[in-house]
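A.B. asks: File work-v4.cif below, mmCIF, C-alpha atoms:
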data_input
#
loop_
_atom_site.label_atom_id
_atom_site.label_comp_id
_atom_site.auth_asym_id
_atom_site.auth_seq_id
_atom_site.Cartn_x
_atom_site.Cartn_y
_atom_site.Cartn_z
CA MET A 1 -14.16 15.89 14.67
CA CYS A 2 -11.62 17.67 12.60
CA LEU A 3 -8.27 18.08 14.23
CA ALA A 4 -6.77 21.54 13.91
CA ILE A 5 -3.42 20.82 12.28
CA PRO A 6 -1.40 24.02 11.78
CA ALA A 7 0.18 24.56 8.38
CA GLU A 8 2.85 27.11 7.47
CA VAL A 9 2.31 29.20 4.35
CA THR A 10 5.38 28.75 2.12
CA LYS A 11 4.20 30.33 -1.13
CA LEU A 12 1.30 32.54 -2.19
CA LEU A 13 -0.23 31.68 -5.58
CA PRO A 14 -2.65 33.54 -7.86
CA ASP A 15 -6.42 33.15 -7.48
CA GLU A 16 -6.33 33.11 -3.66
CA MET A 17 -4.39 29.84 -3.52
CA ALA A 18 -1.24 29.05 -1.55
CA ILE A 19 1.25 26.28 -0.87
CA VAL A 20 1.46 25.29 2.78
CA SER A 21 3.76 22.95 4.64
CA ILE A 22 2.35 20.56 7.20
CA ASP A 23 5.39 19.34 9.07
CA GLY A 24 7.41 19.25 5.85
CA VAL A 25 4.65 17.95 3.57
CA SER A 26 3.54 20.48 0.92
CA LYS A 27 -0.07 20.97 -0.08
CA GLU A 28 -1.93 23.45 -2.27
CA ILE A 29 -4.92 25.04 -0.58
CA SER A 30 -7.42 27.87 -1.00
CA VAL A 31 -6.81 30.92 1.16
CA ALA A 32 -9.89 32.81 -0.06
CA LEU A 33 -11.34 32.97 3.44
CA ILE A 34 -8.28 34.64 4.98
CA GLU A 35 -7.22 38.22 4.39
CA ASN A 36 -3.72 39.68 4.47
CA LEU A 37 -1.87 36.40 4.48
CA ALA A 38 1.94 36.33 4.13
CA VAL A 39 4.58 33.66 3.68
CA GLY A 40 5.54 32.38 7.15
CA ASP A 41 2.02 32.74 8.58
CA TYR A 42 0.35 29.70 10.12
CA VAL A 43 -3.19 28.66 9.19
CA ILE A 44 -5.60 25.95 10.25
CA ILE A 45 -6.89 24.00 7.24
CA HIS A 46 -9.98 21.91 6.56
CA VAL A 47 -10.62 19.94 3.35
CA GLY A 48 -8.25 22.11 1.32
CA TYR A 49 -9.28 25.51 2.70
CA ALA A 50 -7.51 27.72 5.22
CA LEU A 51 -10.09 28.52 7.89
CA THR A 52 -8.19 30.76 10.30
CA LYS A 53 -4.80 32.32 10.84
CA ILE A 54 -3.03 31.57 14.12
CA ASP A 55 0.12 33.04 15.60
CA PRO A 56 3.31 30.94 15.33
CA GLU A 57 3.54 30.41 19.09
CA GLU A 58 0.02 29.00 19.18
CA ALA A 59 0.86 26.83 16.15
CA MET A 60 3.89 25.37 17.97
CA ARG A 61 1.83 24.61 21.08
CA THR A 62 -0.80 22.87 18.94
CA LEU A 63 1.81 20.85 17.03
CA GLU A 64 3.35 19.75 20.32
CA LEU A 65 -0.08 18.68 21.57
CA LEU A 66 -0.73 16.71 18.37
CA ARG A 67 2.63 14.97 18.70
CA GLU A 68 1.71 14.04 22.25
CA LEU A 69 -1.64 12.68 21.02
CA SER A 70 0.05 10.76 18.24
CA ALA A 71 2.48 9.18 20.71
CA GLU A 72 -0.45 8.21 22.97
CA GLY A 73 -2.14 6.66 19.95
CA GLN A 74 0.92 4.61 19.10
CA GLY A 75 1.15 3.54 22.74
CA ALA A 76 -2.48 2.42 22.66
CA ALA A 77 -1.94 0.49 19.42
CA SER A 78 1.18 -1.34 20.60
CA MET B 1 3.82 15.41 11.09
CA SER B 2 2.87 11.83 10.71
CA LEU B 3 -0.19 11.24 12.86
CA SER B 4 -0.89 7.77 14.17
CA PHE B 5 -4.60 8.22 13.48
CA ARG B 6 -6.51 8.70 10.21
CA ASN B 7 -8.38 11.98 9.94
CA GLU B 8 -10.55 11.00 6.94
CA ILE B 9 -13.55 8.78 6.20
CA ASP B 10 -13.36 6.27 3.32
CA ILE B 11 -16.67 5.52 1.60
CA THR B 12 -17.03 2.74 -0.94
CA VAL B 13 -20.24 2.55 -2.96
CA LEU B 14 -20.94 -0.95 -4.29
CA LEU B 15 -22.99 -0.92 -7.49
CA SER B 16 -25.16 -3.52 -9.09
CA GLY B 17 -25.72 -2.00 -12.50
CA ALA B 18 -27.03 1.50 -11.84
CA THR B 19 -28.31 0.62 -8.36
CA ILE B 20 -26.40 1.05 -5.12
CA ALA B 21 -26.31 -2.45 -3.63
CA ASP B 22 -24.34 -1.53 -0.52
CA VAL B 23 -22.12 1.11 1.04
CA ALA B 24 -19.01 0.40 3.10
CA ILE B 25 -17.68 3.04 5.46
CA LYS B 26 -14.23 2.99 7.00
CA PRO B 27 -14.37 5.59 9.78
CA ARG B 28 -11.58 7.91 10.81
CA ASN B 29 -9.64 6.89 13.92
CA ARG B 30 -10.38 9.24 16.72
CA PRO B 31 -7.39 10.59 18.64
CA PRO B 32 -6.81 9.09 22.10
CA LEU B 33 -7.96 12.11 24.10
CA THR B 34 -9.01 9.91 27.03
CA ARG B 35 -5.41 8.78 27.51
CA LEU B 36 -4.03 12.28 26.98
CA PHE B 37 -6.43 13.88 29.46
CA ALA B 38 -6.22 11.21 32.19
CA GLY B 39 -4.76 12.50 35.46
CA LYS B 40 -4.71 16.15 34.39
CA PRO B 41 -6.61 18.88 36.27
CA ALA B 42 -9.92 19.52 34.45
CA ALA B 43 -9.37 23.30 34.51
CA SER B 44 -6.03 22.94 32.69
CA LEU B 45 -7.74 21.23 29.74
CA LEU B 46 -10.24 24.01 28.98
CA PRO B 47 -7.80 25.98 26.79
CA VAL B 48 -6.61 22.75 25.13
CA LEU B 49 -9.87 21.73 23.43
CA PRO B 50 -10.34 24.82 21.22
CA ARG B 51 -6.72 24.40 20.14
CA LEU B 52 -7.29 20.81 19.08
CA PHE B 53 -10.46 21.21 17.05
CA SER B 54 -10.55 23.27 13.89
CA LEU B 55 -14.34 23.02 13.64
CA CYS B 56 -16.88 23.61 16.40
CA SER B 57 -14.15 24.56 18.87
CA ILE B 58 -16.57 26.70 20.89
CA ALA B 59 -19.05 23.82 21.05
CA HIS B 60 -16.31 21.51 22.38
CA HIS B 61 -15.22 24.15 24.91
CA VAL B 62 -18.80 24.69 26.15
CA ALA B 63 -19.52 20.94 26.25
CA PHE B 64 -16.42 20.19 28.29
CA GLN B 65 -16.92 23.13 30.65
CA SER B 66 -20.59 22.23 31.22
CA ALA B 67 -19.76 18.55 31.78
CA VAL B 68 -17.06 19.44 34.34
CA GLU B 69 -19.44 21.79 36.19
CA ALA B 70 -22.04 19.04 36.31
CA ALA B 71 -19.45 16.59 37.65
CA GLN B 72 -18.53 19.10 40.35
CA GLY B 73 -22.21 19.61 41.25
CA ARG B 74 -22.09 23.25 40.16
CA GLU B 75 -24.72 25.04 38.12
CA ALA B 76 -23.87 27.88 35.73
CA ALA B 77 -25.64 31.22 36.29
CA PRO B 78 -28.44 32.02 33.78
CA ALA B 79 -26.39 34.85 32.24
CA THR B 80 -23.49 32.46 31.72
CA VAL B 81 -25.73 29.87 30.09
CA ARG B 82 -27.17 32.57 27.84
CA ARG B 83 -23.65 33.66 26.79
CA ARG B 84 -22.72 30.08 25.99
CA VAL B 85 -25.88 29.51 23.94
CA THR B 86 -25.20 32.67 21.94
CA ALA B 87 -21.57 31.67 21.34
CA VAL B 88 -22.63 28.18 20.18
CA VAL B 89 -25.33 29.61 17.89
CA VAL B 90 -22.94 32.13 16.34
CA GLU B 91 -20.39 29.39 15.73
CA ARG B 92 -23.11 27.18 14.23
CA LEU B 93 -24.22 29.93 11.86
CA THR B 94 -20.63 30.59 10.77
CA GLU B 95 -19.87 26.90 10.22
CA LEU B 96 -23.06 26.34 8.23
CA LEU B 97 -22.37 29.34 6.05
CA ARG B 98 -18.71 28.49 5.58
CA GLY B 99 -19.80 25.01 4.54
CA LEU B 100 -21.57 26.57 1.55
CA PHE B 101 -18.22 27.79 0.36
CA VAL B 102 -15.85 25.05 1.51
CA GLY B 103 -15.89 21.56 0.04
CA ARG B 104 -18.39 19.98 -2.28
CA LEU B 105 -20.93 22.77 -2.35
CA ALA B 106 -18.13 25.19 -3.13
CA LEU B 107 -19.46 28.48 -4.34
CA ASP B 108 -17.23 30.59 -6.51
CA GLY B 109 -14.72 33.08 -5.15
CA THR B 110 -17.11 36.02 -5.47
CA ASN B 111 -18.79 34.86 -2.26
CA ALA B 112 -15.58 34.77 -0.23
CA PRO B 113 -15.82 38.40 0.97
CA ALA B 114 -19.34 37.79 2.34
CA VAL B 115 -18.22 34.63 4.16
CA ARG B 116 -15.20 36.52 5.55
CA ALA B 117 -17.52 39.32 6.73
CA VAL B 118 -19.63 36.79 8.65
CA MET B 119 -16.52 35.21 10.17
CA GLN B 120 -15.28 38.65 11.29
CA ALA B 121 -18.67 39.66 12.72
CA SER B 122 -18.90 36.34 14.56
CA ALA B 123 -15.48 36.95 16.08
CA LEU B 124 -16.82 40.27 17.43
CA LEU B 125 -19.40 38.33 19.39
CA GLY B 126 -16.55 36.65 21.21
CA GLY B 127 -16.28 33.30 22.92
CA ALA B 128 -18.43 31.66 25.52
CA ASP B 129 -16.69 33.30 28.49
CA GLU B 130 -17.02 37.01 27.82
CA ALA B 131 -20.11 39.23 27.96
CA VAL B 132 -20.70 41.14 24.72
CA PRO B 133 -21.98 44.73 25.03
CA PRO B 134 -25.49 45.06 23.47
CA ALA B 135 -24.36 47.69 20.93
CA LEU B 136 -21.58 45.39 19.68
CA HIS B 137 -24.04 42.49 19.48
CA ARG B 138 -26.41 44.61 17.36
CA ASP B 139 -23.61 45.77 15.05
CA ALA B 140 -22.41 42.21 14.52
CA ALA B 141 -25.95 41.01 13.76
CA VAL B 142 -26.40 43.82 11.21
CA GLN B 143 -23.08 42.91 9.55
CA ILE B 144 -24.05 39.24 9.34
CA LYS B 145 -27.45 40.09 7.87
CA ALA B 146 -25.84 42.35 5.24
CA ALA B 147 -23.32 39.64 4.29
CA LEU B 148 -26.06 37.03 3.92
CA GLY B 149 -27.98 39.44 1.70
CA ALA B 150 -24.87 39.85 -0.48
CA MET B 151 -24.77 36.06 -0.93
CA GLY B 152 -28.40 35.97 -2.02
CA ILE B 153 -29.90 34.69 1.25
CA ALA B 154 -32.97 36.87 1.14
CA GLY B 155 -35.38 35.10 3.52
CA GLU B 156 -35.95 36.27 7.08
CA GLU B 157 -36.39 32.75 8.44
CA ASP B 158 -36.47 30.50 5.40
CA GLU B 159 -34.47 29.39 2.37
CA THR B 160 -35.68 32.14 0.04
CA LEU B 161 -32.85 33.00 -2.33
CA ALA B 162 -32.38 35.98 -4.58
CA PRO B 163 -33.12 34.82 -8.15
CA GLY B 164 -29.97 34.47 -10.19
CA SER B 165 -27.67 34.30 -7.17
CA PRO B 166 -24.92 31.63 -7.16
CA LEU B 167 -26.63 29.92 -4.25
CA ALA B 168 -29.91 29.68 -6.20
CA ALA B 169 -27.99 28.12 -9.09
CA SER B 170 -26.27 25.68 -6.72
CA VAL B 171 -29.62 24.52 -5.26
CA ALA B 172 -31.10 24.15 -8.75
CA GLY B 173 -28.09 22.04 -9.78
CA CYS B 174 -28.72 19.50 -7.01
CA HIS B 175 -32.06 18.24 -8.31
CA GLY B 176 -32.95 14.88 -9.76
CA LYS B 177 -29.71 12.97 -10.40
CA LEU B 178 -30.10 10.33 -7.70
CA VAL B 179 -33.38 8.46 -7.36
CA SER B 180 -33.78 6.95 -3.87
CA GLU B 181 -36.45 5.04 -2.05
CA PRO B 182 -37.57 7.24 0.85
CA GLU B 183 -36.62 5.83 4.25
CA ALA B 184 -39.69 4.17 5.77
CA ASP B 185 -39.16 5.34 9.32
CA PRO B 186 -36.47 8.01 9.58
CA SER B 187 -35.32 8.77 13.09
CA PHE B 188 -33.65 11.84 14.45
CA LEU B 189 -31.49 12.43 17.52
CA THR B 190 -33.16 14.62 20.15
CA VAL B 191 -32.49 16.12 23.56
CA ALA B 192 -34.50 13.24 25.04
CA ASP B 193 -31.73 10.85 23.92
CA ASP B 194 -28.95 12.72 25.76
CA LEU B 195 -29.08 10.88 29.05
CA ASP B 196 -28.98 7.42 27.47
CA ILE B 197 -26.08 8.46 25.29
CA VAL B 198 -23.89 10.03 27.96
CA THR B 199 -24.54 7.14 30.36
CA ARG B 200 -23.40 4.64 27.73
CA LEU B 201 -20.51 6.90 26.78
CA LEU B 202 -19.09 6.96 30.27
CA ALA B 203 -19.73 3.25 30.85
CA ASP B 204 -18.45 1.85 27.55
CA GLY B 205 -16.01 4.51 26.30
CA ALA B 206 -14.63 4.16 22.78
CA ALA B 207 -16.52 0.89 22.23
CA TYR B 208 -19.66 3.03 22.25
CA SER B 209 -18.42 6.28 20.71
CA ASP B 210 -16.86 4.54 17.69
CA ALA B 211 -20.21 2.98 16.71
CA PRO B 212 -23.03 4.44 18.79
CA ASP B 213 -26.63 3.28 18.80
CA LEU B 214 -29.83 3.70 20.81
CA CYS B 215 -31.27 0.22 21.28
CA GLY B 216 -30.17 -0.63 17.75
CA ARG B 217 -31.44 2.66 16.33
CA ILE B 218 -28.92 4.97 14.63
CA PRO B 219 -30.69 8.30 14.25
CA GLU B 220 -29.66 11.22 12.09
CA THR B 221 -28.41 14.46 13.60
CA GLY B 222 -27.58 17.85 12.11
CA VAL B 223 -29.37 20.42 9.99
CA TRP B 224 -31.92 18.05 8.45
CA ALA B 225 -32.74 16.52 11.83
CA ARG B 226 -33.25 19.96 13.35
CA ARG B 227 -35.58 20.89 10.52
CA ALA B 228 -37.50 17.64 10.99
CA ARG B 229 -37.92 18.44 14.69
CA ARG B 230 -39.36 21.89 13.90
CA GLU B 231 -41.67 21.03 11.04
CA ALA B 232 -43.02 18.12 9.03
CA VAL B 233 -40.50 17.04 6.39
CA SER B 234 -41.03 14.42 3.75
CA ALA B 235 -38.60 11.50 3.69
CA ALA B 236 -39.07 11.46 -0.07
CA GLU B 237 -37.59 14.95 -0.24
CA ALA B 238 -34.47 14.24 1.82
CA GLY B 239 -32.02 14.63 -1.05
CA SER B 240 -29.06 16.95 -1.36
CA ALA B 241 -31.16 19.88 -2.65
CA ALA B 242 -33.53 19.70 0.32
CA ARG B 243 -30.61 19.41 2.72
CA LEU B 244 -28.93 22.41 1.13
CA LYS B 245 -32.17 24.39 1.43
CA ALA B 246 -32.48 23.34 5.08
CA ARG B 247 -28.97 24.63 5.72
CA ILE B 248 -29.77 27.97 4.07
CA ALA B 249 -33.03 28.24 6.01
CA GLU B 250 -31.21 27.57 9.28
CA VAL B 251 -28.57 30.20 8.51
CA ALA B 252 -31.39 32.73 7.90
CA ARG B 253 -33.22 31.61 11.05
CA LEU B 254 -30.14 31.89 13.28
CA CYS B 255 -29.36 35.32 11.86
CA ALA B 256 -32.93 36.46 12.60
CA TRP B 257 -32.59 35.12 16.16
CA LEU B 258 -29.36 37.03 16.70
CA ASP B 259 -30.90 40.15 15.20
CA ARG B 260 -33.97 40.01 17.47
CA GLY B 261 -31.95 39.16 20.56
CA ASP B 262 -34.64 36.69 21.73
CA ALA B 263 -34.13 34.72 24.90
CA ASP B 264 -35.01 31.29 23.53
CA LEU B 265 -34.08 29.45 20.37
CA ASP B 266 -34.61 25.71 20.64
CA GLU B 267 -34.61 23.34 23.55
CA GLY B 268 -31.24 21.91 24.53
CA VAL B 269 -28.76 24.07 22.60
CA VAL B 270 -26.62 23.46 25.68
CA ALA B 271 -27.71 20.83 28.22
CA SER B 272 -25.80 19.35 31.15
CA TYR B 273 -26.33 16.26 33.28
CA ARG B 274 -24.99 15.16 36.65
CA LEU B 275 -24.36 11.43 36.55
CA GLY B 276 -23.36 10.87 40.18
CA ALA B 277 -20.55 12.00 42.46
CA GLY B 278 -17.70 13.36 40.34
CA LYS B 279 -19.42 12.42 37.08
CA GLY B 280 -21.05 14.80 34.64
CA ALA B 281 -21.92 15.22 30.99
CA ALA B 282 -23.14 17.79 28.52
CA ALA B 283 -24.64 17.98 25.06
CA VAL B 284 -24.32 20.87 22.64
CA GLU B 285 -26.24 21.33 19.40
CA CYS B 286 -23.48 22.37 17.02
CA ALA B 287 -23.50 22.82 13.24
CA ARG B 288 -23.26 19.11 12.36
CA GLY B 289 -25.57 17.94 15.11
CA ARG B 290 -25.50 16.89 18.72
CA LEU B 291 -22.07 16.74 20.38
CA HIS B 292 -21.75 14.87 23.70
CA HIS B 293 -19.03 15.04 26.33
CA ALA B 294 -18.86 12.96 29.53
CA VAL B 295 -16.28 13.25 32.27
CA ALA B 296 -15.40 11.62 35.60
CA LEU B 297 -13.24 13.53 38.10
CA ASP B 298 -11.44 12.50 41.28
CA ASP B 299 -11.63 14.40 44.59
CA GLU B 300 -9.02 16.88 43.38
CA ASP B 301 -10.85 17.57 40.10
CA ARG B 302 -8.39 15.59 38.02
CA VAL B 303 -9.73 13.74 35.03
CA VAL B 304 -10.28 10.04 35.67
CA ASN B 305 -12.24 9.48 32.49
CA PHE B 306 -13.17 11.65 29.51
CA GLU B 307 -15.23 10.58 26.52
CA PHE B 308 -16.82 12.48 23.68
CA LEU B 309 -19.11 11.61 20.80
CA ALA B 310 -19.22 13.80 17.69
CA PRO B 311 -22.26 14.00 15.37
CA THR B 312 -20.30 12.53 12.44
CA GLU B 313 -20.22 9.17 14.28
CA TRP B 314 -24.02 8.95 13.94
CA ASN B 315 -24.42 10.22 10.38
CA PHE B 316 -21.47 8.21 9.00
CA HIS B 317 -22.12 5.04 11.01
CA ALA B 318 -21.81 1.83 8.95
CA ARG B 319 -25.60 1.35 9.32
CA GLY B 320 -26.42 5.02 9.77
CA PRO B 321 -28.42 7.68 7.97
CA LEU B 322 -26.03 8.22 5.04
CA VAL B 323 -25.79 4.52 4.27
CA ARG B 324 -29.58 4.13 4.51
CA SER B 325 -30.07 7.12 2.18
CA LEU B 326 -27.74 5.67 -0.44
CA LYS B 327 -28.67 1.97 -0.41
CA GLY B 328 -31.09 1.08 -3.17
CA ALA B 329 -30.72 4.44 -4.93
CA THR B 330 -30.43 4.49 -8.71
CA LEU B 331 -27.70 6.57 -10.30
CA ALA B 332 -27.91 8.53 -13.49
CA THR B 333 -25.38 7.28 -16.03
CA GLY B 334 -21.79 8.45 -16.11
CA ARG B 335 -20.23 11.21 -14.14
CA GLN B 336 -23.56 12.83 -13.24
CA GLY B 337 -24.60 9.88 -11.10
CA GLN B 338 -21.31 9.78 -9.19
CA ASP B 339 -21.43 13.54 -8.67
CA ALA B 340 -24.94 13.19 -7.24
CA VAL B 341 -23.68 10.63 -4.71
CA ARG B 342 -20.80 12.94 -3.83
CA ALA B 343 -23.25 15.82 -3.34
CA LEU B 344 -25.43 13.71 -1.05
CA VAL B 345 -22.43 12.62 1.04
CA GLY B 346 -21.32 16.28 1.25
CA SER B 347 -24.81 17.33 2.35
CA PHE B 348 -24.40 15.11 5.43
CA ASP B 349 -21.47 17.41 6.19
CA PRO B 350 -18.80 15.21 7.84
CA CYS B 351 -16.42 17.07 10.14
CA VAL B 352 -13.44 15.52 8.33
CA GLY B 353 -12.64 15.02 4.67
CA PHE B 354 -13.85 11.93 2.87
CA SER B 355 -12.79 9.77 -0.05
CA LEU B 356 -15.43 8.20 -2.29
CA GLN B 357 -14.93 5.11 -4.44
CA PHE B 358 -17.32 3.21 -6.70
CA ARG B 359 -17.03 -0.55 -7.31
CA GLU B 360 -19.15 -3.24 -8.85
CA ALA B 361 -20.68 -5.37 -6.11
CA GLY B 362 -19.02 -8.77 -5.92
CA HIS B 363 -15.64 -7.47 -7.08
CA ALA B 364 -12.96 -7.55 -4.44
#
Please re-express this file's structure in structure tokens.

C.D. replies:
Amino acid sequence: MCLAIPAEVTKLLPDEMAIVSIDGVSKEISVALIENLAVGDYVIIHVGYALTKIDPEEAMRTLELLRELSAEGQGAAS
Amino acid sequence: MSLSFRNEIDITVLLSGATIADVAIKPRNRPPLTRLFAGKPAASLLPVLPRLFSLCSIAHHVAFQSAVEAAQGREAAPATVRRRVTAVVVERLTELLRGLFVGRLALDGTNAPAVRAVMQASALLGGADEAVPPALHRDAAVQIKAALGAMGIAGEEDETLAPGSPLAASVAGCHGKLVSEPEADPSFLTVADDLDIVTRLLADGAAYSDAPDLCGRIPETGVWARRARREAVSAAEAGSAARLKARIAEVARLCAWLDRGDADLDEGVVASYRLGAGKGAAAVECARGRLHHAVALDDEDRVVNFEFLAPTEWNFHARGPLVRSLKGATLATGRQGQDAVRALVGSFDPCVGFSLQFREAGHA
């Protein structure tokens, strides 16, 4: 299963590409499948492609959930 | 964010000359959903699942909801089941089509508008919880059909492609670069396996879902398995080109089903099972294959146990269908051979990214 990790668009590039930030880590992705994207928008990515745009509030809730999962994972491993 | 679990599969192909001697798979670590969900009211988790999964989120939502209903001894009304089946099918169609554009099969950017049109039309058909007015359903089906036509998918229910289309070129480019021995006795996951799987899932938890089997058998699931269940397929033909054609044929078939508005598609698109007091499970046939959820609830409908098994765990099992397809195959020389392996791995369509390495067998 692919976890839906929200990424913030930080720069739009030519040829339907963009730079996104995933919790501070930058990555270049294709945004060909999303229309009307702007810097500051949040997207869900899969293998280098933005699949959907989500609103920032939803992105924050998802990030919080992923942090909770990550903490549970560390708890299980320790 | 630094996650404490790996969201990628590592595949190492061990070569003896031009022949694949072995394949090692290091699976992704699955997130500890069981621990996260434990003690929480089942109803509060329904909105959480679609938020967590970027692919097949509707399938996860429907599987969890159906498993909880089964645990509670409730049965969904026929109209509700029908809505869920439609939502799962629409999501499956969209995922299969998007997979032609995303990743290893990547078509060029000229196809992006058609894929976007399908994604938008699918969104019109809504989720699994809302009824869609018939006129809206018809409009969405017409839009999807038109977008598929623009991509060159010309068949009503098969993989017929418009000559000269990028998809036709992509299929043609998949042929003949990896010579494999056909699997002697290929096996495919079916609805009949559901009960065994969910029973083991609830009993053994992650020990089972990390490396599932059915009495030692590790069947294939997904597009190729669905095709094999519908019609005779030749194991000798199960290469990346045939798998790509099967995907295209299924996209056309699902579009035709939506267009006709038929009642039935295949058996077990959504199936649920009561496993005893407070215990239930469900299976959903999503794009990559059969997805299973199993849940145990206490008297106040709080989650005592939750387990799930995604199709990728079968197809990318260390002794599973992908490994069996690759072992013993002979590669063309140079880059072409490695690209053919990459195409075959991509045609098994993992739900996470993968890395692929080639090493001489015997070298550490």

A.B. asks: Show me the residues close to (-7.9, 35.6, -0.9) - anything with an atom within 8 Å, counting only C-alpha atoms - and format the list as a list of chain:residue names.

C.D. replies: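 Those within range, by chain then number, are A:Asp15, A:Glu16, A:Met17, A:Ser30, A:Val31, A:Ala32, A:Leu33, A:Ile34, A:Glu35, A:Asn36, B:Ala112.
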
A.B. asks: Listing only residues of chain B within 8 Å of chain A, what is the closest atom pair and its distance in Å (to one decimal) for each, using all atoms listed in the file, sorted by chain and residue number ascending, as a Markdown table?

C.D. replies:
| residue | atom | partner | partner_atom | distance |
| --- | --- | --- | --- | --- |
| B:Met1 | CA | A:Asp23 | CA | 4.7 |
| B:Leu3 | CA | A:Ser70 | CA | 5.4 |
| B:Ser4 | CA | A:Ser70 | CA | 5.1 |
| B:Phe5 | CA | A:Gly73 | CA | 7.1 |
| B:Asn7 | CA | A:Cys2 | CA | 7.1 |
| B:Arg30 | CA | A:Met1 | CA | 7.9 |
| B:Pro31 | CA | A:Leu69 | CA | 6.6 |
| B:Pro32 | CA | A:Gly73 | CA | 5.7 |
| B:Leu33 | CA | A:Leu69 | CA | 7.1 |
| B:Arg35 | CA | A:Glu72 | CA | 6.7 |
| B:Leu36 | CA | A:Leu69 | CA | 6.4 |
| B:Arg51 | CA | A:Thr62 | CA | 6.2 |
| B:Leu52 | CA | A:Ala4 | CA | 5.2 |
| B:Phe53 | CA | A:Leu3 | CA | 4.7 |
| B:Ser54 | CA | A:Ala4 | CA | 4.2 |
| B:Leu55 | CA | A:Cys2 | CA | 6.1 |
| B:Val102 | CA | A:Tyr49 | CA | 6.7 |
| B:Gly103 | CA | A:Val47 | CA | 6.4 |
| B:Gly109 | CA | A:Ala32 | CA | 7.0 |
| B:Ala112 | CA | A:Leu33 | CA | 5.9 |
| B:Pro113 | CA | A:Leu33 | CA | 7.5 |
| B:Val115 | CA | A:Leu33 | CA | 7.1 |
| B:Arg116 | CA | A:Leu33 | CA | 5.7 |
| B:Ala310 | CA | A:Met1 | CA | 6.3 |
| B:Thr312 | CA | A:Met1 | CA | 7.3 |
| B:Cys351 | CA | A:Met1 | CA | 5.2 |
| B:Val352 | CA | A:Cys2 | CA | 5.1 |
| B:Gly353 | CA | A:Val47 | CA | 5.5 |

A.B. asks: For the point (-8.8, 10.3, 33.4) in the file's frame, write as a list in words all residues with an atom no more than 12 Å away, counting only C-alpha atoms.

C.D. replies: Pro32, Leu33, Thr34, Arg35, Leu36, Phe37, Ala38, Gly39, Lys40, Pro41, Ala42, Leu45, Leu202, Gly205, Gly278, Lys279, Ala294, Val295, Ala296, Leu297, Asp298, Glu300, Asp301, Arg302, Val303, Val304, Asn305, Phe306 and Glu307 of chain B

A.B. asks: Any chance you could export the current selection's C-alpha atoms as a CSV table (one decimal), in the coordinates of the input?

C.D. replies:
chain,number,residue,atom,x,y,z
B,32,PRO,CA,-6.8,9.1,22.1
B,33,LEU,CA,-8.0,12.1,24.1
B,34,THR,CA,-9.0,9.9,27.0
B,35,ARG,CA,-5.4,8.8,27.5
B,36,LEU,CA,-4.0,12.3,27.0
B,37,PHE,CA,-6.4,13.9,29.5
B,38,ALA,CA,-6.2,11.2,32.2
B,39,GLY,CA,-4.8,12.5,35.5
B,40,LYS,CA,-4.7,16.2,34.4
B,41,PRO,CA,-6.6,18.9,36.3
B,42,ALA,CA,-9.9,19.5,34.4
B,45,LEU,CA,-7.7,21.2,29.7
B,202,LEU,CA,-19.1,7.0,30.3
B,205,GLY,CA,-16.0,4.5,26.3
B,278,GLY,CA,-17.7,13.4,40.3
B,279,LYS,CA,-19.4,12.4,37.1
B,294,ALA,CA,-18.9,13.0,29.5
B,295,VAL,CA,-16.3,13.2,32.3
B,296,ALA,CA,-15.4,11.6,35.6
B,297,LEU,CA,-13.2,13.5,38.1
B,298,ASP,CA,-11.4,12.5,41.3
B,300,GLU,CA,-9.0,16.9,43.4
B,301,ASP,CA,-10.8,17.6,40.1
B,302,ARG,CA,-8.4,15.6,38.0
B,303,VAL,CA,-9.7,13.7,35.0
B,304,VAL,CA,-10.3,10.0,35.7
B,305,ASN,CA,-12.2,9.5,32.5
B,306,PHE,CA,-13.2,11.6,29.5
B,307,GLU,CA,-15.2,10.6,26.5

A.B. asks: Would you compute the distance between CA of Ala87 in chain B and CA of Ala135 in chain B? Give it in Å to one decimal.

C.D. replies: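 A separation of 16.3 Å between them.
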
A.B. asks: Within 9 Å of Val20 in chain A, counting all atoms listed in the file, which residues qualify if same-chain residues fewer than 6 places away don't, as a PDB file with C-alpha atoms, in the coordinates of the input?

C.D. replies:
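Once everything was written out, this is result-v3.pdb:
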ATOM      1  CA  ALA A   7       0.180  24.560   8.380  1.00  0.00           C
ATOM      2  CA  GLU A   8       2.850  27.110   7.470  1.00  0.00           C
ATOM      3  CA  VAL A   9       2.310  29.200   4.350  1.00  0.00           C
ATOM      4  CA  THR A  10       5.380  28.750   2.120  1.00  0.00           C
ATOM      5  CA  LYS A  11       4.200  30.330  -1.130  1.00  0.00           C
ATOM      6  CA  LEU A  12       1.300  32.540  -2.190  1.00  0.00           C
ATOM      7  CA  SER A  26       3.540  20.480   0.920  1.00  0.00           C
ATOM      8  CA  LYS A  27      -0.070  20.970  -0.080  1.00  0.00           C
ATOM      9  CA  GLU A  28      -1.930  23.450  -2.270  1.00  0.00           C
ATOM     10  CA  ILE A  29      -4.920  25.040  -0.580  1.00  0.00           C
ATOM     11  CA  VAL A  39       4.580  33.660   3.680  1.00  0.00           C
ATOM     12  CA  TYR A  42       0.350  29.700  10.120  1.00  0.00           C
ATOM     13  CA  VAL A  43      -3.190  28.660   9.190  1.00  0.00           C
TER      14      VAL A  43
END

A.B. asks: What does the distance from CA of Ala117 in chain B to CA of Asp55 in chain A come to in Å, to one decimal?

C.D. replies: 20.7 Å

A.B. asks: Expand the PyMOL selection byres ((chain B and resi 212) around 10) into the explicit residue set it covers here, and present it as a list in words.

C.D. replies: Ile197, Arg200, Leu201, Ala206, Ala207, Tyr208, Ser209, Asp210, Ala211, Asp213, Leu214, Cys215, Gly216, Arg217, Ile218, Pro219, Leu309, Glu313, Trp314, His317 and Gly320 of chain B
